[in-house]
Amino acid sequence: MAHFYISATHKSSGKTTLSIGLCRELTRLGVSVRPFKKGPDYIDPLWLGQASGRACFNLDFHTMDREEISGGFARGLTDVDLGLIEGNVGLFDAVDPHGSNSNAELAKLLRTPVILVLDVRGMGRGIVPLLLGYLAFDPALNIAGVIANKAGGSRHETNLRRVLEHYTDLPLLGTLHRTPEIRISERYLGLMPSNETEEAEDQIERIRHQVAGQVDVPGILEIARSAPAPPVLPTAYRPAATTRESVRIAVARDAAFGFYYPDDLAALARAGAELVDFSPVRDAELPGADGLFIGGGFPEFRLRELSENRSMRAAVRDFVESGGFVYAECGGLMYLCRALHWGDRCGAMCGVLNADVAMHDRPQGRGYVRLRETPAFPWPRVSETPREQSYEIRAHEFHHSAILNPDPTWTFGYQVLHGRGIDGRHDAIVHKNLVAAYSHLRAVGGNDWTERFVAHIHTSRR
């Protein structure tokens, strides 16, 4: 169970680029790698999953308790040689002033050695007090090495190596020079998702080539193999497999829609769902299915294709109006509206929801949310112990869009306790057998939404 943690002093230091390159290079060397990502992220895991050839799992203190994080991490390592965790933001950054949800706390929980990425542009001897401060701030944390990113060249690298050797015991495990060719395009929620570009594979190979030539990959492997096995606690949550007859759920996956958690899709399968993909961008009609799952993405970047695909828009509208079972999140919600406005462009969408949706320059909802179900929420409870009415659902939202003139007759399935949702007070529009929300759910922390959605289809069919 070798494992290591890629973190940094601050966000945008190059963690993802390095992690992508390491995933691909280690895989090329015959080391099977399971990537993990801290926090509620879809985009970085898409790149890490493609680079490693294995699904990337998220580890998140907001939606998962510590036992579930430990158990999920250990299970993810059972069929691979090595686990790579990519952090978010900075190593010690956290909303909690005590850092209880920081990267450092996750690394300590999983007993994972940290490799710290430093953006060294314009820095020389000044990296020493920075690193000594990081080492002293939490002595229980195992910072095992440093990688300097965006170095100016070999002379800069030599100077960094000399001061590190003189003042610290930390090994310099690599120096990545500034190379514009390996930069991945960014947009307002982070990197461009790999499912949107046909050049993703070429980009991964370019990153791999630079990492292989400028990073001590054997040294990183040695650190990873020295890591103790993560703790596995017997109470770690994992939904049991179902014995129900399967239902067929069509999942929208293409260049417009790609934000799905692999473990949630696996949980749908365990709950008795046969999953089949379809493309609202390319396909003319829906596959035969009992239900639809239309997740998040960037439908605005495929505005023309989605709008011009009239047969698919009509098929989705007819599916909903005929009582088909649909769950839509964020981008899926946008697709179900009448029209999508983005600057001076506008495209017709499915017209299921009686409202338009518009893109804004600033985020309209971003971060963690807390929700409470209303009596209108349609999915049955399946847990043995019914939840109290005060039970809070922990989820997250990332959207620059907002609903224009929400229909005053809408019924909502969520009361928003913290976050934005549809209007700051409500989320999850309930229409026939459709639930459409801005909030993104995860089938963790006792939130068994996948089993409930499948159970809703079964119960309603009966």
# chains A, B, ... in the order shown; residues from 1 in each chain; ligands from 1
$ residues_around --residues "Ser154 in chain A" --least-positions-apart "5" --cutoff "12 Å" --atoms "only C-alpha atoms" --output "mmCIF file with N, CA and C atoms, in the first residue's frame"
data_model
loop_
_atom_site.group_PDB
_atom_site.id
_atom_site.type_symbol
_atom_site.label_atom_id
_atom_site.label_comp_id
_atom_site.auth_asym_id
_atom_site.auth_seq_id
_atom_site.Cartn_x
_atom_site.Cartn_y
_atom_site.Cartn_z
ATOM 1 N N ALA A 148 10.536 21.834 -6.906
ATOM 2 C CA ALA A 148 10.504 23.240 -7.300
ATOM 3 C C ALA A 148 9.862 23.346 -8.679
ATOM 4 N N ASN A 159 21.216 26.697 -7.577
ATOM 5 C CA ASN A 159 21.160 27.548 -6.389
ATOM 6 C C ASN A 159 20.151 27.012 -5.375
ATOM 7 N N LEU A 160 18.987 26.584 -5.848
ATOM 8 C CA LEU A 160 17.963 26.039 -4.951
ATOM 9 C C LEU A 160 18.458 24.774 -4.259
ATOM 10 N N ARG A 161 19.099 23.914 -5.015
ATOM 11 C CA ARG A 161 19.597 22.667 -4.443
ATOM 12 C C ARG A 161 20.666 22.945 -3.378
ATOM 13 N N GLY A 174 13.010 17.278 -7.565
ATOM 14 C CA GLY A 174 12.841 17.667 -8.964
ATOM 15 C C GLY A 174 12.722 19.163 -9.099
ATOM 16 N N THR A 175 13.040 19.640 -10.285
ATOM 17 C CA THR A 175 12.889 21.054 -10.608
ATOM 18 C C THR A 175 12.272 21.138 -12.000
ATOM 19 N N LEU A 176 11.020 21.559 -12.034
ATOM 20 C CA LEU A 176 10.321 21.701 -13.309
ATOM 21 C C LEU A 176 10.555 23.103 -13.841
ATOM 22 N N HIS A 177 11.127 23.191 -15.030
ATOM 23 C CA HIS A 177 11.398 24.487 -15.625
ATOM 24 C C HIS A 177 10.141 25.044 -16.283
ATOM 25 N N ARG A 178 10.126 26.352 -16.420
ATOM 26 C CA ARG A 178 8.962 27.009 -17.038
ATOM 27 C C ARG A 178 8.856 26.570 -18.498
ATOM 28 N N GLN A 214 12.751 15.671 -15.454
ATOM 29 C CA GLN A 214 13.152 16.685 -14.482
ATOM 30 C C GLN A 214 12.773 16.344 -13.042
#
$ closest_atom_pairs --of "range 326-360 of chain A" --to "range 426-444 of chain A" --cutoff "8 Å" --atoms "only C-alpha atoms" --output "tab-separated table"
residue	atom	partner	partner_atom	distance
A:Val326	CA	A:Leu434	CA	4.7
A:Tyr327	CA	A:Val435	CA	5.0
A:Ala328	CA	A:Ala436	CA	4.6
A:Glu329	CA	A:Ala437	CA	5.1
A:Cys330	CA	A:Tyr438	CA	4.2
A:Gly331	CA	A:Tyr438	CA	7.9
A:Gly332	CA	A:Ala436	CA	7.4
A:Leu333	CA	A:Ala436	CA	5.3
$ write_last_selection --atoms "N, CA and C atoms" --output "mmCIF file, in the first residue's frame"
data_model
loop_
_atom_site.group_PDB
_atom_site.id
_atom_site.type_symbol
_atom_site.label_atom_id
_atom_site.label_comp_id
_atom_site.auth_asym_id
_atom_site.auth_seq_id
_atom_site.Cartn_x
_atom_site.Cartn_y
_atom_site.Cartn_z
ATOM 1 N N VAL A 326 -35.885 11.124 -13.834
ATOM 2 C CA VAL A 326 -34.722 11.912 -14.218
ATOM 3 C C VAL A 326 -34.132 12.579 -12.983
ATOM 4 N N TYR A 327 -32.803 12.512 -12.874
ATOM 5 C CA TYR A 327 -32.076 13.299 -11.886
ATOM 6 C C TYR A 327 -31.060 14.149 -12.635
ATOM 7 N N ALA A 328 -31.096 15.470 -12.419
ATOM 8 C CA ALA A 328 -30.221 16.406 -13.120
ATOM 9 C C ALA A 328 -29.524 17.307 -12.115
ATOM 10 N N GLU A 329 -28.211 17.513 -12.325
ATOM 11 C CA GLU A 329 -27.422 18.377 -11.457
ATOM 12 C C GLU A 329 -26.778 19.488 -12.275
ATOM 13 N N CYS A 330 -26.953 20.721 -11.844
ATOM 14 C CA CYS A 330 -26.225 21.889 -12.344
ATOM 15 C C CYS A 330 -26.309 22.021 -13.870
ATOM 16 N N GLY A 331 -25.298 21.547 -14.612
ATOM 17 C CA GLY A 331 -25.365 21.624 -16.065
ATOM 18 C C GLY A 331 -26.584 20.908 -16.611
ATOM 19 N N GLY A 332 -26.969 19.798 -15.972
ATOM 20 C CA GLY A 332 -28.189 19.105 -16.371
ATOM 21 C C GLY A 332 -29.415 19.952 -16.141
ATOM 22 N N LEU A 333 -29.468 20.676 -15.026
ATOM 23 C CA LEU A 333 -30.555 21.618 -14.763
ATOM 24 C C LEU A 333 -30.620 22.682 -15.850
#
$ residues_around --residues "His400 in chain A" --least-positions-apart "5" --cutoff "8 Å" --atoms "only C-alpha atoms" --output "PDB file with C-alpha atoms, in the first residue's frame"
ATOM      1  CA  MET A 359     -24.335  32.799 -17.534  1.00  0.00           C
ATOM      2  CA  HIS A 360     -22.660  35.477 -15.377  1.00  0.00           C
ATOM      3  CA  ASP A 361     -19.070  36.666 -15.091  1.00  0.00           C
ATOM      4  CA  ARG A 362     -18.985  36.071 -11.343  1.00  0.00           C
ATOM      5  CA  PRO A 363     -19.886  32.859  -9.489  1.00  0.00           C
ATOM      6  CA  GLN A 364     -23.550  32.624  -8.550  1.00  0.00           C
ATOM      7  CA  GLY A 365     -22.969  29.685  -6.225  1.00  0.00           C
TER       8      GLY A 365
END
$ select_by_dssp --residues "range 202-445 of chain A" --states "strand (DSSP E or B)" --output "JSON, numbers by chain"
{"A": [215, 247, 248, 249, 250, 251, 252, 257, 258, 259, 273, 274, 275, 276, 277, 278, 291, 292, 293, 294, 296, 297, 325, 326, 327, 328, 329, 339, 340, 341, 342, 345, 346, 347, 348, 356, 357, 358, 359, 365, 366, 367, 368, 369, 370, 371, 372, 373, 393, 394, 395, 396, 397, 398, 399, 401, 402, 403, 404, 411, 412, 413, 414, 415, 416, 417, 418, 426, 427, 428, 429, 430, 431, 434, 435, 436, 437, 440]}
$ closest_residue --among "A:Tyr5, A:Phe278, A:Tyr42, A:Tyr391" --to "Gly446 in chain A" --atoms "only C-alpha atoms"
A:Tyr391
$ select_by_dssp --residues "range 238-299 of chain A" --states "helix (DSSP H, G or I)" --output "list in words"
Pro262, Asp263, Asp264, Leu265, Ala266, Ala267, Leu268, Ala269, Arg270 and Pro299 of chain A
$ residues_around --residues "Gly14 in chain A" --least-positions-apart "4" --cutoff "8 Å" --atoms "only C-alpha atoms" --output "MDAnalysis selection string"
chainID A and resid 18 117 119 149
$ residues_around --residues "Pro375 in chain A" --least-positions-apart "2" --cutoff "9 Å" --atoms "only C-alpha atoms" --output "PyMOL selection string"
chain A and resi 373+377-378+413-414
$ write_last_selection --atoms "C-alpha atoms" --output "compact mmCIF listing (two decimals), in the first residue's frame"
# COMPACT_ATOMS: atom_id res chain seq x y z
CA GLU A 373 -35.31 17.84 2.37
CA PHE A 377 -38.83 15.37 -2.12
CA PRO A 378 -39.99 12.24 -3.97
CA GLY A 413 -37.30 19.31 -2.74
CA TYR A 414 -34.62 21.11 -0.69
$ residues_around --residues "Gly145 in chain A" --least-positions-apart "3" --cutoff "9 Å" --atoms "only C-alpha atoms" --output "list in words"
Pro113, Val114, Ile115, Leu116, Val117, Asp169, Leu170, Pro171, Leu172, Leu173, Ile220 and Ile223 of chain A
$ write_last_selection --atoms "N, CA and C atoms" --output "PDB file, in the first residue's frame"
ATOM      1  N   PRO A 113       3.106  10.423   3.435  1.00  0.00           N
ATOM      2  CA  PRO A 113       4.183  11.409   3.303  1.00  0.00           C
ATOM      3  C   PRO A 113       3.833  12.458   2.249  1.00  0.00           C
ATOM      4  N   VAL A 114       4.197  13.700   2.550  1.00  0.00           N
ATOM      5  CA  VAL A 114       3.855  14.832   1.690  1.00  0.00           C
ATOM      6  C   VAL A 114       5.064  15.250   0.877  1.00  0.00           C
ATOM      7  N   ILE A 115       4.845  15.448  -0.416  1.00  0.00           N
ATOM      8  CA  ILE A 115       5.842  16.072  -1.286  1.00  0.00           C
ATOM      9  C   ILE A 115       5.314  17.464  -1.598  1.00  0.00           C
ATOM     10  N   LEU A 116       6.060  18.472  -1.178  1.00  0.00           N
ATOM     11  CA  LEU A 116       5.595  19.855  -1.252  1.00  0.00           C
ATOM     12  C   LEU A 116       6.073  20.509  -2.544  1.00  0.00           C
ATOM     13  N   VAL A 117       5.130  21.048  -3.294  1.00  0.00           N
ATOM     14  CA  VAL A 117       5.436  21.749  -4.543  1.00  0.00           C
ATOM     15  C   VAL A 117       5.567  23.238  -4.242  1.00  0.00           C
ATOM     16  N   ASP A 169      17.168  19.180   5.737  1.00  0.00           N
ATOM     17  CA  ASP A 169      17.384  17.770   5.395  1.00  0.00           C
ATOM     18  C   ASP A 169      16.413  17.309   4.308  1.00  0.00           C
ATOM     19  N   LEU A 170      15.673  18.238   3.734  1.00  0.00           N
ATOM     20  CA  LEU A 170      14.681  17.871   2.725  1.00  0.00           C
ATOM     21  C   LEU A 170      15.352  17.639   1.373  1.00  0.00           C
ATOM     22  N   PRO A 171      15.062  16.531   0.731  1.00  0.00           N
ATOM     23  CA  PRO A 171      15.614  16.314  -0.614  1.00  0.00           C
ATOM     24  C   PRO A 171      14.850  17.119  -1.665  1.00  0.00           C
ATOM     25  N   LEU A 172      15.576  17.659  -2.616  1.00  0.00           N
ATOM     26  CA  LEU A 172      14.951  18.289  -3.772  1.00  0.00           C
ATOM     27  C   LEU A 172      14.703  17.186  -4.794  1.00  0.00           C
ATOM     28  N   LEU A 173      13.438  16.824  -4.957  1.00  0.00           N
ATOM     29  CA  LEU A 173      13.073  15.673  -5.784  1.00  0.00           C
ATOM     30  C   LEU A 173      12.844  16.030  -7.248  1.00  0.00           C
ATOM     31  N   ILE A 220      10.748   9.388  -5.505  1.00  0.00           N
ATOM     32  CA  ILE A 220       9.359   9.479  -5.062  1.00  0.00           C
ATOM     33  C   ILE A 220       8.801   8.099  -4.763  1.00  0.00           C
ATOM     34  N   ILE A 223       9.963   7.022  -1.350  1.00  0.00           N
ATOM     35  CA  ILE A 223       9.195   7.683  -0.292  1.00  0.00           C
ATOM     36  C   ILE A 223       7.826   7.036  -0.153  1.00  0.00           C
TER      37      ILE A 223
END
$ residues_around --residues "range 248-265 of chain A" --least-positions-apart "2" --cutoff "6 Å" --atoms "only C-alpha atoms" --output "PDB file with C-alpha atoms, in the first residue's frame"
ATOM      1  CA  TYR A  42     -14.576  16.918 -10.956  1.00  0.00           C
ATOM      2  CA  ASN A 195     -13.427  15.225 -21.816  1.00  0.00           C
ATOM      3  CA  GLU A 196     -13.790  18.461 -23.810  1.00  0.00           C
ATOM      4  CA  ALA A 267     -22.961   2.935  -6.051  1.00  0.00           C
ATOM      5  CA  LEU A 268     -25.747   3.186  -8.646  1.00  0.00           C
ATOM      6  CA  ALA A 273     -28.769   0.078 -11.985  1.00  0.00           C
ATOM      7  CA  GLU A 274     -27.424  -0.884 -15.384  1.00  0.00           C
ATOM      8  CA  LEU A 275     -25.689   2.241 -16.694  1.00  0.00           C
ATOM      9  CA  VAL A 276     -25.529   3.179 -20.363  1.00  0.00           C
ATOM     10  CA  ASP A 277     -24.014   6.379 -21.747  1.00  0.00           C
ATOM     11  CA  PHE A 278     -25.636   8.791 -24.183  1.00  0.00           C
ATOM     12  CA  SER A 279     -24.631  12.137 -25.674  1.00  0.00           C
ATOM     13  CA  ALA A 289     -33.837   3.383 -20.279  1.00  0.00           C
ATOM     14  CA  ASP A 290     -35.964   3.610 -17.148  1.00  0.00           C
ATOM     15  CA  GLY A 291     -34.202   6.748 -15.940  1.00  0.00           C
ATOM     16  CA  LEU A 292     -31.785   9.519 -16.902  1.00  0.00           C
ATOM     17  CA  PHE A 293     -28.882  10.998 -14.951  1.00  0.00           C
ATOM     18  CA  ILE A 294     -27.757  14.327 -16.454  1.00  0.00           C
ATOM     19  CA  GLY A 295     -24.798  15.584 -14.447  1.00  0.00           C
ATOM     20  CA  GLY A 296     -22.797  18.777 -14.484  1.00  0.00           C
ATOM     21  CA  GLY A 297     -20.416  20.146 -17.051  1.00  0.00           C
ATOM     22  CA  PHE A 298     -20.082  23.183 -19.284  1.00  0.00           C
ATOM     23  CA  PRO A 299     -23.131  23.110 -21.587  1.00  0.00           C
ATOM     24  CA  ARG A 302     -21.538  23.430 -26.488  1.00  0.00           C
ATOM     25  CA  ALA A 443     -23.228   8.882  -2.097  1.00  0.00           C
TER      26      ALA A 443
END
$ closest_residue --among "A:Pro45, A:Gly219, A:Gly347, A:Gly288" --to "Val146 in chain A" --atoms "only C-alpha atoms"
A:Gly219
$ closest_atom_pairs --of "range 199-318 of chain A" --to "range 97-109 of chain A" --cutoff "12 Å" --atoms "only C-alpha atoms" --output "CSV"
residue,atom,partner,partner_atom,distance
A:Ala227,CA,A:Ala107,CA,11.0
A:Pro228,CA,A:Lys108,CA,11.1
A:Ala229,CA,A:Leu109,CA,11.1
A:Pro230,CA,A:Leu109,CA,7.8
A:Pro231,CA,A:Leu109,CA,8.0
A:Val232,CA,A:Leu109,CA,10.6
A:Leu233,CA,A:Leu109,CA,11.8
$ write_last_selection --atoms "C-alpha atoms" --output "PDB file, in the first residue's frame"
ATOM      1  CA  ALA A 227       4.679   5.022   3.968  1.00  0.00           C
ATOM      2  CA  PRO A 228       2.812   3.033   6.641  1.00  0.00           C
ATOM      3  CA  ALA A 229      -0.457   1.394   5.695  1.00  0.00           C
ATOM      4  CA  PRO A 230      -3.404   3.768   6.217  1.00  0.00           C
ATOM      5  CA  PRO A 231      -5.702   2.956   9.136  1.00  0.00           C
ATOM      6  CA  VAL A 232      -8.799   0.952   8.234  1.00  0.00           C
ATOM      7  CA  LEU A 233     -11.653   1.235  10.710  1.00  0.00           C
TER       8      LEU A 233
END
$ atom_distance --atom1 "CA of Gly133 in chain A" --atom2 "CA of Ser7 in chain A"
15.6 Å
$ closest_residue --among "A:Val33, A:His396, A:Asp41, A:Phe4" --to "Asn142 in chain A" --atoms "only C-alpha atoms"
A:Phe4
$ atom_distance --atom1 "CA of Glu308 in chain A" --atom2 "CA of Trp47 in chain A"
28.8 Å
$ closest_residue --among "A:Leu48, A:Val120, A:Ala269, A:Met64" --to "Ser13 in chain A" --atoms "only C-alpha atoms"
A:Val120
$ decode --residues "range 64-102 of chain A" --atoms "C-alpha atoms" --output "JSON list (two decimals), in the first residue's frame"
[["chain", "number", "residue", "atom", "x", "y", "z"],
["A", 64, "MET", "CA", -17.31, 12.16, 4.52],
["A", 65, "ASP", "CA", -16.41, 11.40, 8.12],
["A", 66, "ARG", "CA", -12.85, 10.43, 9.01],
["A", 67, "GLU", "CA", -13.61, 6.71, 9.18],
["A", 68, "GLU", "CA", -15.18, 6.76, 5.73],
["A", 69, "ILE", "CA", -12.19, 8.63, 4.29],
["A", 70, "SER", "CA", -9.77, 6.08, 5.78],
["A", 71, "GLY", "CA", -11.84, 3.11, 4.62],
["A", 72, "GLY", "CA", -12.36, 4.50, 1.13],
["A", 73, "PHE", "CA", -8.67, 5.26, 0.74],
["A", 74, "ALA", "CA", -7.65, 1.78, 1.87],
["A", 75, "ARG", "CA", -10.17, 0.13, -0.48],
["A", 76, "GLY", "CA", -8.92, 2.24, -3.36],
["A", 77, "LEU", "CA", -5.41, 0.87, -2.81],
["A", 78, "THR", "CA", -6.35, -2.81, -2.74],
["A", 79, "ASP", "CA", -5.93, -3.45, -6.48],
["A", 80, "VAL", "CA", -3.00, -1.13, -7.28],
["A", 81, "ASP", "CA", 0.69, -0.74, -6.48],
["A", 82, "LEU", "CA", 0.55, 2.88, -5.37],
["A", 83, "GLY", "CA", -1.81, 5.67, -4.34],
["A", 84, "LEU", "CA", -1.26, 9.32, -5.29],
["A", 85, "ILE", "CA", -3.30, 12.00, -3.50],
["A", 86, "GLU", "CA", -3.45, 15.45, -5.05],
["A", 87, "GLY", "CA", -4.32, 18.16, -2.57],
["A", 88, "ASN", "CA", -6.35, 21.30, -3.08],
["A", 89, "VAL", "CA", -5.35, 24.87, -2.16],
["A", 90, "GLY", "CA", -2.35, 25.13, 0.18],
["A", 91, "LEU", "CA", -1.05, 22.50, 2.58],
["A", 92, "PHE", "CA", -2.30, 24.25, 5.72],
["A", 93, "ASP", "CA", -5.17, 26.28, 4.21],
["A", 94, "ALA", "CA", -8.59, 25.60, 5.74],
["A", 95, "VAL", "CA", -11.83, 27.38, 6.58],
["A", 96, "ASP", "CA", -11.49, 26.09, 10.13],
["A", 97, "PRO", "CA", -8.83, 28.16, 11.99],
["A", 98, "HIS", "CA", -7.61, 24.94, 13.61],
["A", 99, "GLY", "CA", -7.08, 23.35, 10.18],
["A", 100, "SER", "CA", -9.27, 20.32, 10.86],
["A", 101, "ASN", "CA", -10.21, 20.03, 7.17],
["A", 102, "SER", "CA", -6.82, 20.93, 5.67]]
